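Below is one structure, written out as structure tokens; the observations come after it.
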Protein chains: 2
Amino acid sequence: MTTNHSAHVPEKLLDILPRMRSYEAGLIAVDLGAIKRNFQRFTESISPAKVVPVIKANAYGLGMSQVGQALCEAGATEFFVATIDEAITLKTQLPEATLYSLYGLYFNTEDIYFRHNIIPVLNTREQVERWNAFAASKGQILDCVIHFDTGMSRTGLTAKEGWELVAIKEQLAHINVVYVMSHLSCSETSTHPLNDKQRVEFEKLAEQFPNSLRSLTATPVMSMSSHFKMDMARVGYGLYGSCYSSPSVYLEQTMYVYSRIIQLREALPGDTVGYGAGHVVKEHSRLATLSIGYADGYHRFLHNYKTYVYIGPYRAYLAGRISMDFCVIDVSHIPEEFLFEGAWVQMIGPDIRVSDLIQGTDFVPHEIPISIGKRYHWEYLN
Amino acid sequence: MTTNHSAHVPEKLLDILPRMRSYEAGLIAVDLGAIKRNFQRFTESISPAKVVPVIKANAYGLGMSQVGQALCEAGATEFFVATIDEAITLKTQLPEATLYSLYGLYFNTEDIYFRHNIIPVLNTREQVERWNAFAASKGQILDCVIHFDTGMSRTGLTAKEGWELVAIKEQLAHINVVYVMSHLSCSETSTHPLNDKQRVEFEKLAEQFPNSLRSLTATPVMSMSSHFKMDMARVGYGLYGSCYSSPSVYLEQTMYVYSRIIQLREALPGDTVGYGAGHVVKEHSRLATLSIGYADGYHRFLHNYKTYVYIGPYRAYLAGRISMDFCVIDVSHIPEEFLFEGAWVQMIGPDIRVSDLIQGTDFVPHEIPISIGKRYHWEYLN
């Protein structure tokens, strides 16, 4: 059965198969080398502005500790995360790294940040004053990031709060504002008029903090005009690269997801496939049931689109709704030798980037890796 | 800050709060007692037919080992899972339990099933013959389930295969068919004509295996006519109860999900909220940013509907798109004393069952618990 077990996966993954137990339901490989190279490409592309990786949400599903370690090897020294728990966990793994937590001082968390040596992103005027008072009480000057909101209405100081802060900034003797930052709401569209509006508003506030570095953009930085680069870009999904390339920089795919054929069947005209009998077979067909469903992060809503997979060099389309643990594809056109129980099926890989998978859907690319394949065998390539 | 920390959660969860670290981003409580009572209600409702719990996909997101243990305490002795990995893991935790794996013998897995004492659900004629041959090679009679497909075209023997199997059943001397089963495609609609069509087809095949128990239905068994009950129902999401009640049986909610207010802000007319500036503020408003996003399983697509949360006794609606780590709600109408950073916000709870959350959407209820709150503090109530 060795032949079966190794069929249909790309050469770079072949080494993994002997390490797997033969019955495992699927395989995910994360290419840390590709993530490192994407980081370097971003860095070269926006230099002298700096790239600070965003590895919140378990590095967008790819594995925070492995991805963080790889990015340190590639030269990253600072990281953004969302929750305080993420920061504390990452700090134990990368004690030398500088970590910023976007959730800020939303509760009485000053002491937590202080003890764990994590830098808060301060999101309200009150949080800035509270951090300053805390630092004073310790007789220290403590680092922070100040986040001005300019159009997301999500986190960060409102314009009113921002200018109130400017008015009292001389009182903030105990904080060192490493960065001032804001976040664009429409930067996926590089020509969106809100981008310039947000930039101008941010620049006015940032000028008031001449000793702080400025950061406005995230992954889309590469396709935006140079005004937006400033001193630093906070780059998340671009590093994970299955989803985004700009005209100037090629980003490598970093994630490979393979399910397996659980069963093959003949289907006759009139046979119904899946819940709600949502697909009716038109002519004598061959169907394959795959070891992936919405419990594996292969979202139910993908069935509404012409979603496809690859078996060897052959593309095959979904038939019927995605179940919790299974989906069904039509393999009528695929030669017999490619079809057997246990065969590997490419869900994301050389022929299907995440951007292909979500083509024509309402998904954003980062939604896919974030939840995919938690029952699968995971491997990291370096 | 003790007052703040304990506000807005129901009394049954108050004991949990002192065990949490004050900065945690959210709280999930799973009520194992409620799951046990739901199991008992199902059992009473369909007796003398038996209820066999389905705890695949980490017990639909609630925790396979905790839920499995609780159901054993409630009298369950058999369980269905999907993958072989799930079965092996569960067997180490519940060595006395009888486990059926729906993925079947899709690869050369006979020996794995045998060594771990897991019973395969056989999905093709070839798998039945292979299991019989394997048992013969061991000089034993081995248990199995035979799955006839009658309308899902997903897993299980086709009608043709089923009757081929009947023709050779005398040769299958080394297997003991504990159950014959099939699975309905449209049982959410109890009057759907396919239900009876599938039932009749299944009964014809099942008659050929008079020594085997019969199982056709899943959670919807309670709202279907008594013909469908047969000897056993495989019950999954009904046990987890946030999503389904029948006219005859009340099912308790089993999952409570609370996020927190990360930030409060004033918003002015014309302010835009979230990515794509998808929401424009009409009048002076108060907004709250919550510690939940699609990385926490609060699906991005929920923003298209009138999705709401509760803060204390007050309902509040989403404003703008759901981000990866955040969502924003309009709290303009909520009294000041309920609004503070760190306050608990009910996402799923006494006032919001999963069925409420997905009302009017295209989600099925099981999609929500399966991915929610992986960054949160989890507790089990018993």
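We name chains A, B, ... following the order of the structure tokens; residues begin at 1 in each chain, and ligands are numbered from 1 as shown.
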
*DSSP strand (DSSP E or B) residues within segment 13-68 of chain B, as a PyMOL selection string*: chain B and resi 27-31+50-54

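Within the 8 Å cut-off around segment 31-36 of chain B, using only C-alpha atoms and omitting residues fewer than 6 positions from it on the same chain, the listed residues are Gln66, Val67, Ala70, Leu71, Glu73, Ala74, Leu239, Tyr240, Gly241, Glu252, Gln253, Thr254, Met255, Tyr380, Leu381 and Asn382 of chain B.
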
*Tell me, as JSON, numbers by chain, which residues lie within 7 Å of Ile55 of chain B, counting only C-alpha atoms; anything in the same chain fewer than 6 positions away does not count.*
{"B": [64, 79, 80, 81, 236]}

May I have the selected residues written with C-alpha atoms, as a PDB file, in the first residue's frame?
ATOM      1  CA  MET B  64     -15.152  15.082  23.433  1.00  0.00           C
ATOM      2  CA  PHE B  79     -20.587   6.302  20.972  1.00  0.00           C
ATOM      3  CA  PHE B  80     -20.178   7.250  17.348  1.00  0.00           C
ATOM      4  CA  VAL B  81     -17.170   9.260  16.193  1.00  0.00           C
ATOM      5  CA  GLY B 236     -25.488  14.439  18.154  1.00  0.00           C
TER       6      GLY B 236
END

Can you give me chain B superposed onto chain A, least-squares on all Cα in order, written as a CSV table (one decimal) with C-alpha atoms, in the first residue's frame?
chain,number,residue,atom,x,y,z
B,1,MET,CA,0.0,0.1,-0.1
B,2,THR,CA,3.1,2.3,0.0
B,3,THR,CA,2.3,3.5,-3.5
B,4,ASN,CA,-1.2,4.5,-2.6
B,5,HIS,CA,-0.1,6.3,0.5
B,6,SER,CA,2.3,8.5,-1.3
B,7,ALA,CA,0.3,9.3,-4.4
B,8,HIS,CA,-0.9,12.7,-5.3
B,9,VAL,CA,1.1,14.9,-2.9
B,10,PRO,CA,3.8,17.2,-4.2
B,11,GLU,CA,7.4,16.2,-3.9
B,12,LYS,CA,8.2,18.6,-1.0
B,13,LEU,CA,5.6,16.8,1.1
B,14,LEU,CA,6.8,13.2,0.4
B,15,ASP,CA,9.2,13.1,3.3
B,16,ILE,CA,6.3,13.7,5.7
B,17,LEU,CA,4.3,10.6,4.8
B,18,PRO,CA,6.5,8.0,6.5
B,19,ARG,CA,6.1,10.0,9.7
B,20,MET,CA,2.3,9.9,9.6
B,21,ARG,CA,0.2,7.1,10.9
B,22,SER,CA,-1.4,5.5,7.9
B,23,TYR,CA,-4.9,6.1,9.0
B,24,GLU,CA,-4.8,9.8,9.6
B,25,ALA,CA,-7.6,11.7,8.0
B,26,GLY,CA,-5.6,14.5,6.5
B,27,LEU,CA,-2.4,16.4,6.3
B,28,ILE,CA,-1.5,20.1,6.7
B,29,ALA,CA,2.0,21.3,6.0
B,30,VAL,CA,3.1,24.8,6.8
B,31,ASP,CA,6.2,26.0,5.0
B,32,LEU,CA,8.1,28.1,7.5
B,33,GLY,CA,10.8,28.8,4.9
B,34,ALA,CA,8.3,30.4,2.6
B,35,ILE,CA,7.0,32.5,5.5
B,36,LYS,CA,10.6,33.7,6.2
B,37,ARG,CA,11.1,34.5,2.5
B,38,ASN,CA,7.8,36.4,2.4
B,39,PHE,CA,8.9,38.4,5.4
B,40,GLN,CA,12.2,39.2,3.6
B,41,ARG,CA,10.3,40.3,0.5
B,42,PHE,CA,8.1,42.6,2.5
B,43,THR,CA,11.1,44.0,4.3
B,44,GLU,CA,12.9,44.7,1.0
B,45,SER,CA,9.8,46.1,-0.6
B,46,ILE,CA,9.0,48.7,2.0
B,47,SER,CA,12.5,49.5,3.3
B,48,PRO,CA,13.5,51.7,5.1
B,49,ALA,CA,10.1,51.2,6.7
B,50,LYS,CA,10.1,48.3,9.0
B,51,VAL,CA,7.9,45.2,8.9
B,52,VAL,CA,6.5,44.0,12.2
B,53,PRO,CA,4.7,40.7,11.9
B,54,VAL,CA,1.2,40.2,13.3
B,55,ILE,CA,0.8,36.7,14.7
B,56,LYS,CA,-2.4,37.0,16.6
B,57,ALA,CA,-5.1,34.2,16.3
B,58,ASN,CA,-2.4,31.5,16.4
B,59,ALA,CA,-0.6,33.2,13.5
B,60,TYR,CA,-3.8,33.3,11.5
B,61,GLY,CA,-4.2,29.6,12.1
B,62,LEU,CA,-0.7,28.5,11.1
B,63,GLY,CA,0.8,28.1,14.6
B,64,MET,CA,1.9,31.1,16.6
B,65,SER,CA,5.0,29.6,18.3
B,66,GLN,CA,6.4,27.9,15.1
B,67,VAL,CA,5.7,31.0,13.0
B,68,GLY,CA,7.1,33.3,15.6
B,69,GLN,CA,10.3,31.3,16.0
B,70,ALA,CA,10.8,31.2,12.2
B,71,LEU,CA,10.2,34.9,11.9
B,72,CYS,CA,12.7,35.6,14.6
B,73,GLU,CA,15.2,33.5,12.6
B,74,ALA,CA,14.4,35.7,9.6
B,75,GLY,CA,15.2,38.9,11.6
B,76,ALA,CA,11.9,39.9,13.2
B,77,THR,CA,12.3,41.3,16.7
B,78,GLU,CA,8.8,42.7,17.4
B,79,PHE,CA,5.4,41.1,17.0
B,80,PHE,CA,1.8,42.2,17.4
B,81,VAL,CA,-0.8,39.9,19.0
B,82,ALA,CA,-4.4,40.6,20.0
B,83,THR,CA,-5.1,39.1,23.4
B,84,ILE,CA,-3.1,39.3,26.5
B,85,ASP,CA,-3.1,35.5,26.7
B,86,GLU,CA,-1.5,35.3,23.3
B,87,ALA,CA,1.2,37.7,24.4
B,88,ILE,CA,2.0,35.8,27.6
B,89,THR,CA,2.2,32.5,25.8
B,90,LEU,CA,4.4,33.9,23.1
B,91,LYS,CA,6.7,35.7,25.6
B,92,THR,CA,7.5,32.3,27.2
B,93,GLN,CA,8.6,31.0,23.8
B,94,LEU,CA,10.4,34.1,22.5
B,95,PRO,CA,11.6,35.9,25.7
B,96,GLU,CA,13.8,38.3,23.7
B,97,ALA,CA,11.0,39.5,21.4
B,98,THR,CA,9.2,42.7,21.9
B,99,LEU,CA,5.4,42.1,22.0
B,100,TYR,CA,2.5,44.5,21.5
B,101,SER,CA,-1.0,43.5,22.5
B,102,LEU,CA,-3.8,45.1,20.6
B,103,TYR,CA,-6.4,44.5,23.3
B,104,GLY,CA,-4.8,47.2,25.4
B,105,LEU,CA,-5.6,48.0,29.0
B,106,TYR,CA,-9.2,47.0,28.8
B,107,PHE,CA,-9.3,45.9,32.4
B,108,ASN,CA,-7.1,46.4,35.3
B,109,THR,CA,-4.3,44.8,33.4
B,110,GLU,CA,-1.4,47.2,33.9
B,111,ASP,CA,0.3,44.9,36.3
B,112,ILE,CA,0.0,42.0,33.9
B,113,TYR,CA,1.6,43.9,31.1
B,114,PHE,CA,4.3,45.1,33.4
B,115,ARG,CA,5.2,41.7,35.0
B,116,HIS,CA,5.3,39.9,31.6
B,117,ASN,CA,7.2,42.7,29.9
B,118,ILE,CA,4.5,43.1,27.2
B,119,ILE,CA,3.8,46.5,25.6
B,120,PRO,CA,0.2,47.6,25.5
B,121,VAL,CA,-1.4,49.3,22.5
B,122,LEU,CA,-3.4,52.0,24.3
B,123,ASN,CA,-6.8,52.5,22.8
B,124,THR,CA,-8.4,55.3,24.9
B,125,ARG,CA,-7.2,58.5,26.4
B,126,GLU,CA,-8.0,57.1,29.8
B,127,GLN,CA,-5.8,54.1,29.1
B,128,VAL,CA,-2.9,56.4,28.2
B,129,GLU,CA,-3.3,58.3,31.4
B,130,ARG,CA,-3.7,55.1,33.4
B,131,TRP,CA,-0.5,53.6,32.0
B,132,ASN,CA,1.4,56.8,32.7
B,133,ALA,CA,0.1,56.8,36.3
B,134,PHE,CA,1.1,53.2,36.7
B,135,ALA,CA,4.6,53.9,35.3
B,136,ALA,CA,4.9,56.8,37.7
B,137,SER,CA,3.9,54.5,40.6
B,138,LYS,CA,6.7,52.2,39.7
B,139,GLY,CA,9.1,55.1,39.3
B,140,GLN,CA,9.8,54.1,35.7
B,141,ILE,CA,9.3,55.1,32.1
B,142,LEU,CA,7.3,52.4,30.3
B,143,ASP,CA,6.9,51.8,26.6
B,144,CYS,CA,3.6,51.8,24.9
B,145,VAL,CA,1.9,52.2,21.5
B,146,ILE,CA,-0.8,54.8,21.1
B,147,HIS,CA,-3.6,53.9,18.7
B,148,PHE,CA,-5.6,56.7,17.0
B,149,ASP,CA,-8.8,55.7,15.4
B,150,THR,CA,-9.3,57.4,12.0
B,151,GLY,CA,-12.2,55.5,10.5
B,152,MET,CA,-12.6,52.0,11.9
B,153,SER,CA,-14.5,53.1,15.0
B,154,ARG,CA,-13.2,49.9,16.5
B,155,THR,CA,-10.2,50.4,18.7
B,156,GLY,CA,-8.1,53.5,19.3
B,157,LEU,CA,-8.7,57.0,20.5
B,158,THR,CA,-11.4,59.0,18.7
B,159,ALA,CA,-10.3,62.3,17.0
B,160,LYS,CA,-11.7,64.2,20.0
B,161,GLU,CA,-9.8,62.0,22.5
B,162,GLY,CA,-6.6,62.3,20.3
B,163,TRP,CA,-6.6,66.1,20.5
B,164,GLU,CA,-7.4,66.0,24.2
B,165,LEU,CA,-4.4,63.8,24.6
B,166,VAL,CA,-2.2,66.2,22.6
B,167,ALA,CA,-3.3,69.0,24.9
B,168,ILE,CA,-2.0,67.1,28.0
B,169,LYS,CA,0.9,65.3,26.5
B,170,GLU,CA,3.4,67.2,28.6
B,171,GLN,CA,2.0,65.5,31.6
B,172,LEU,CA,2.8,62.1,30.2
B,173,ALA,CA,6.3,62.0,31.5
B,174,HIS,CA,6.3,58.4,32.4
B,175,ILE,CA,5.5,56.8,29.1
B,176,ASN,CA,7.7,56.3,26.0
B,177,VAL,CA,5.4,56.2,23.0
B,178,VAL,CA,7.4,53.8,20.7
B,179,TYR,CA,4.8,54.0,17.9
B,180,VAL,CA,1.7,56.0,17.1
B,181,MET,CA,-0.5,53.9,14.9
B,182,SER,CA,-3.9,53.9,13.1
B,183,HIS,CA,-5.6,51.3,10.9
B,184,LEU,CA,-7.2,51.7,7.5
B,185,SER,CA,-10.7,50.5,6.9
B,186,CYS,CA,-10.6,50.2,3.1
B,187,SER,CA,-7.0,49.5,2.2
B,188,GLU,CA,-7.9,46.4,0.2
B,189,THR,CA,-8.9,49.0,-2.4
B,190,SER,CA,-5.8,51.0,-2.8
B,191,THR,CA,-7.6,53.9,-4.5
B,192,HIS,CA,-10.4,54.1,-2.0
B,193,PRO,CA,-10.9,57.8,-1.0
B,194,LEU,CA,-11.1,57.0,2.7
B,195,ASN,CA,-7.4,55.9,2.7
B,196,ASP,CA,-6.2,59.4,2.1
B,197,LYS,CA,-8.7,60.9,4.5
B,198,GLN,CA,-7.5,58.5,7.2
B,199,ARG,CA,-3.9,59.2,6.4
B,200,VAL,CA,-4.2,62.9,6.6
B,201,GLU,CA,-6.0,62.8,9.9
B,202,PHE,CA,-3.5,60.4,11.3
B,203,GLU,CA,-0.5,62.5,10.1
B,204,LYS,CA,-1.9,65.6,11.9
B,205,LEU,CA,-2.0,63.7,15.2
B,206,ALA,CA,1.3,61.9,14.6
B,207,GLU,CA,3.1,65.2,14.1
B,208,GLN,CA,2.4,65.9,17.7
B,209,PHE,CA,4.5,63.0,18.7
B,210,PRO,CA,7.7,63.6,16.8
B,211,ASN,CA,9.7,61.2,18.8
B,212,SER,CA,7.4,58.2,18.0
B,213,LEU,CA,7.6,56.1,14.9
B,214,ARG,CA,4.5,56.0,12.8
B,215,SER,CA,2.5,53.0,11.5
B,216,LEU,CA,-0.7,53.2,9.4
B,217,THR,CA,-0.8,50.2,7.1
B,218,ALA,CA,-1.1,46.4,7.2
B,219,THR,CA,-0.6,43.8,4.5
B,220,PRO,CA,-1.9,46.0,1.7
B,221,VAL,CA,1.1,48.4,2.2
B,222,MET,CA,2.8,47.0,-0.9
B,223,SER,CA,0.1,48.1,-3.3
B,224,MET,CA,-0.3,51.6,-1.8
B,225,SER,CA,1.5,54.8,-2.6
B,226,SER,CA,4.7,55.5,-0.7
B,227,HIS,CA,2.9,58.1,1.5
B,228,PHE,CA,1.4,55.2,3.4
B,229,LYS,CA,4.6,53.3,4.3
B,230,MET,CA,5.7,55.7,7.0
B,231,ASP,CA,8.0,54.0,9.6
B,232,MET,CA,6.5,50.6,10.0
B,233,ALA,CA,3.8,48.3,8.6
B,234,ARG,CA,2.0,45.6,10.7
B,235,VAL,CA,1.9,42.7,8.3
B,236,GLY,CA,-0.3,39.6,9.0
B,237,TYR,CA,-1.9,37.5,6.3
B,238,GLY,CA,0.6,38.8,3.6
B,239,LEU,CA,3.3,36.8,5.3
B,240,TYR,CA,1.2,33.7,5.2
B,241,GLY,CA,1.0,34.3,1.5
B,242,SER,CA,-1.6,32.0,0.2
B,243,CYS,CA,-3.8,34.9,-0.4
B,244,TYR,CA,-2.1,38.0,-1.6
B,245,SER,CA,0.5,39.2,-4.1
B,246,SER,CA,1.1,42.7,-5.3
B,247,PRO,CA,2.3,43.6,-8.8
B,248,SER,CA,5.7,44.3,-7.4
B,249,VAL,CA,6.3,41.4,-5.0
B,250,TYR,CA,5.5,37.7,-5.3
B,251,LEU,CA,4.5,36.0,-2.1
B,252,GLU,CA,4.9,32.3,-1.7
B,253,GLN,CA,2.2,30.0,-0.7
B,254,THR,CA,2.8,28.7,2.9
B,255,MET,CA,0.0,26.2,3.6
B,256,TYR,CA,-0.8,22.8,2.0
B,257,VAL,CA,-3.9,21.0,3.0
B,258,TYR,CA,-4.7,17.4,1.8
B,259,SER,CA,-7.8,15.4,2.6
B,260,ARG,CA,-8.3,11.7,1.6
B,261,ILE,CA,-10.8,9.7,-0.3
B,262,ILE,CA,-12.9,7.9,2.3
B,263,GLN,CA,-15.1,6.2,-0.2
B,264,LEU,CA,-15.9,5.9,-4.0
B,265,ARG,CA,-19.3,5.2,-5.3
B,266,GLU,CA,-21.3,4.9,-8.5
B,267,ALA,CA,-24.3,7.3,-8.7
B,268,LEU,CA,-27.2,6.9,-11.0
B,269,PRO,CA,-29.4,9.5,-12.6
B,270,GLY,CA,-31.9,10.8,-10.0
B,271,ASP,CA,-29.7,9.9,-7.0
B,272,THR,CA,-29.5,12.8,-4.5
B,273,VAL,CA,-26.3,13.9,-2.8
B,274,GLY,CA,-25.9,15.4,0.6
B,275,TYR,CA,-28.3,17.1,3.1
B,276,GLY,CA,-31.4,18.6,1.7
B,277,ALA,CA,-30.9,16.4,-1.4
B,278,GLY,CA,-29.2,19.5,-2.6
B,279,HIS,CA,-27.6,17.9,-5.7
B,280,VAL,CA,-29.4,15.6,-8.1
B,281,VAL,CA,-27.2,13.4,-10.3
B,282,LYS,CA,-27.9,13.9,-14.0
B,283,GLU,CA,-26.1,11.0,-15.5
B,284,HIS,CA,-24.3,7.9,-14.4
B,285,SER,CA,-21.4,9.3,-12.3
B,286,ARG,CA,-18.6,8.4,-10.0
B,287,LEU,CA,-18.5,10.2,-6.7
B,288,ALA,CA,-15.7,10.4,-4.1
B,289,THR,CA,-16.4,11.2,-0.4
B,290,LEU,CA,-13.6,13.2,1.2
B,291,SER,CA,-12.4,13.3,4.8
B,292,ILE,CA,-13.1,17.0,5.2
B,293,GLY,CA,-16.2,18.9,6.4
B,294,TYR,CA,-17.1,22.1,8.1
B,295,ALA,CA,-15.8,20.7,11.4
B,296,ASP,CA,-12.5,20.8,9.7
B,297,GLY,CA,-12.9,24.4,8.7
B,298,TYR,CA,-14.0,23.6,5.2
B,299,HIS,CA,-16.9,26.1,5.4
B,300,ARG,CA,-20.4,24.9,4.6
B,301,PHE,CA,-21.0,28.1,2.5
B,302,LEU,CA,-18.3,27.0,0.1
B,303,HIS,CA,-20.8,24.6,-1.5
B,304,ASN,CA,-22.7,27.5,-3.0
B,305,TYR,CA,-19.8,28.2,-5.4
B,306,LYS,CA,-17.9,26.2,-8.0
B,307,THR,CA,-15.5,25.0,-5.4
B,308,TYR,CA,-13.0,22.5,-6.6
B,309,VAL,CA,-10.2,20.2,-5.4
B,310,TYR,CA,-7.4,18.4,-7.3
B,311,ILE,CA,-6.7,14.7,-7.4
B,312,GLY,CA,-3.3,14.3,-9.1
B,313,PRO,CA,-3.5,16.7,-12.1
B,314,TYR,CA,-7.3,16.5,-12.3
B,315,ARG,CA,-9.7,19.1,-11.0
B,316,ALA,CA,-12.9,17.9,-9.5
B,317,TYR,CA,-15.9,19.9,-8.2
B,318,LEU,CA,-18.0,19.6,-5.1
B,319,ALA,CA,-21.4,17.9,-5.4
B,320,GLY,CA,-24.0,18.7,-2.8
B,321,ARG,CA,-23.7,20.4,0.6
B,322,ILE,CA,-20.6,20.1,2.8
B,323,SER,CA,-21.3,18.0,5.9
B,324,MET,CA,-19.7,18.2,9.3
B,325,ASP,CA,-17.1,15.5,8.5
B,326,PHE,CA,-17.4,14.9,4.8
B,327,CYS,CA,-17.8,16.4,1.4
B,328,VAL,CA,-18.5,14.8,-1.9
B,329,ILE,CA,-16.9,15.5,-5.3
B,330,ASP,CA,-17.7,14.3,-8.8
B,331,VAL,CA,-14.8,12.3,-10.1
B,332,SER,CA,-16.5,10.8,-13.2
B,333,HIS,CA,-13.8,12.2,-15.5
B,334,ILE,CA,-10.8,11.1,-13.5
B,335,PRO,CA,-8.9,8.0,-14.7
B,336,GLU,CA,-9.3,4.9,-12.6
B,337,GLU,CA,-5.7,4.7,-11.4
B,338,PHE,CA,-6.1,8.0,-9.5
B,339,LEU,CA,-9.1,6.9,-7.6
B,340,PHE,CA,-8.8,4.6,-4.6
B,341,GLU,CA,-9.7,4.8,-0.9
B,342,GLY,CA,-7.0,6.6,1.0
B,343,ALA,CA,-5.8,8.7,-2.0
B,344,TRP,CA,-4.7,12.2,-1.1
B,345,VAL,CA,-6.8,15.1,-2.3
B,346,GLN,CA,-5.5,18.6,-2.7
B,347,MET,CA,-7.7,21.1,-0.9
B,348,ILE,CA,-5.1,23.9,-0.7
B,349,GLY,CA,-1.8,23.4,-2.5
B,350,PRO,CA,0.2,24.1,-5.7
B,351,ASP,CA,-3.0,24.2,-7.8
B,352,ILE,CA,-5.4,25.8,-5.3
B,353,ARG,CA,-4.2,28.9,-3.4
B,354,VAL,CA,-6.6,30.2,-0.7
B,355,SER,CA,-7.4,33.0,-3.1
B,356,ASP,CA,-8.5,30.4,-5.7
B,357,LEU,CA,-10.7,28.6,-3.1
B,358,ILE,CA,-12.6,31.8,-2.2
B,359,GLN,CA,-12.9,33.2,-5.7
B,360,GLY,CA,-16.4,34.5,-6.2
B,361,THR,CA,-17.4,34.0,-2.6
B,362,ASP,CA,-17.8,36.5,0.2
B,363,PHE,CA,-15.0,35.0,2.3
B,364,VAL,CA,-11.8,36.9,3.1
B,365,PRO,CA,-8.7,34.8,2.6
B,366,HIS,CA,-7.7,34.8,6.3
B,367,GLU,CA,-10.9,33.0,7.3
B,368,ILE,CA,-9.8,29.8,5.7
B,369,PRO,CA,-6.4,28.9,7.4
B,370,ILE,CA,-7.7,30.2,10.7
B,371,SER,CA,-10.0,27.2,11.2
B,372,ILE,CA,-8.8,24.5,8.8
B,373,GLY,CA,-7.8,21.0,9.6
B,374,LYS,CA,-7.7,20.8,13.4
B,375,ARG,CA,-8.2,17.0,13.1
B,376,TYR,CA,-5.3,16.7,10.7
B,377,HIS,CA,-1.7,15.8,10.9
B,378,TRP,CA,0.3,19.0,11.1
B,379,GLU,CA,3.9,19.3,9.9
B,380,TYR,CA,6.3,22.3,9.6
B,381,LEU,CA,8.8,22.5,6.7
B,382,ASN,CA,11.8,24.7,7.1
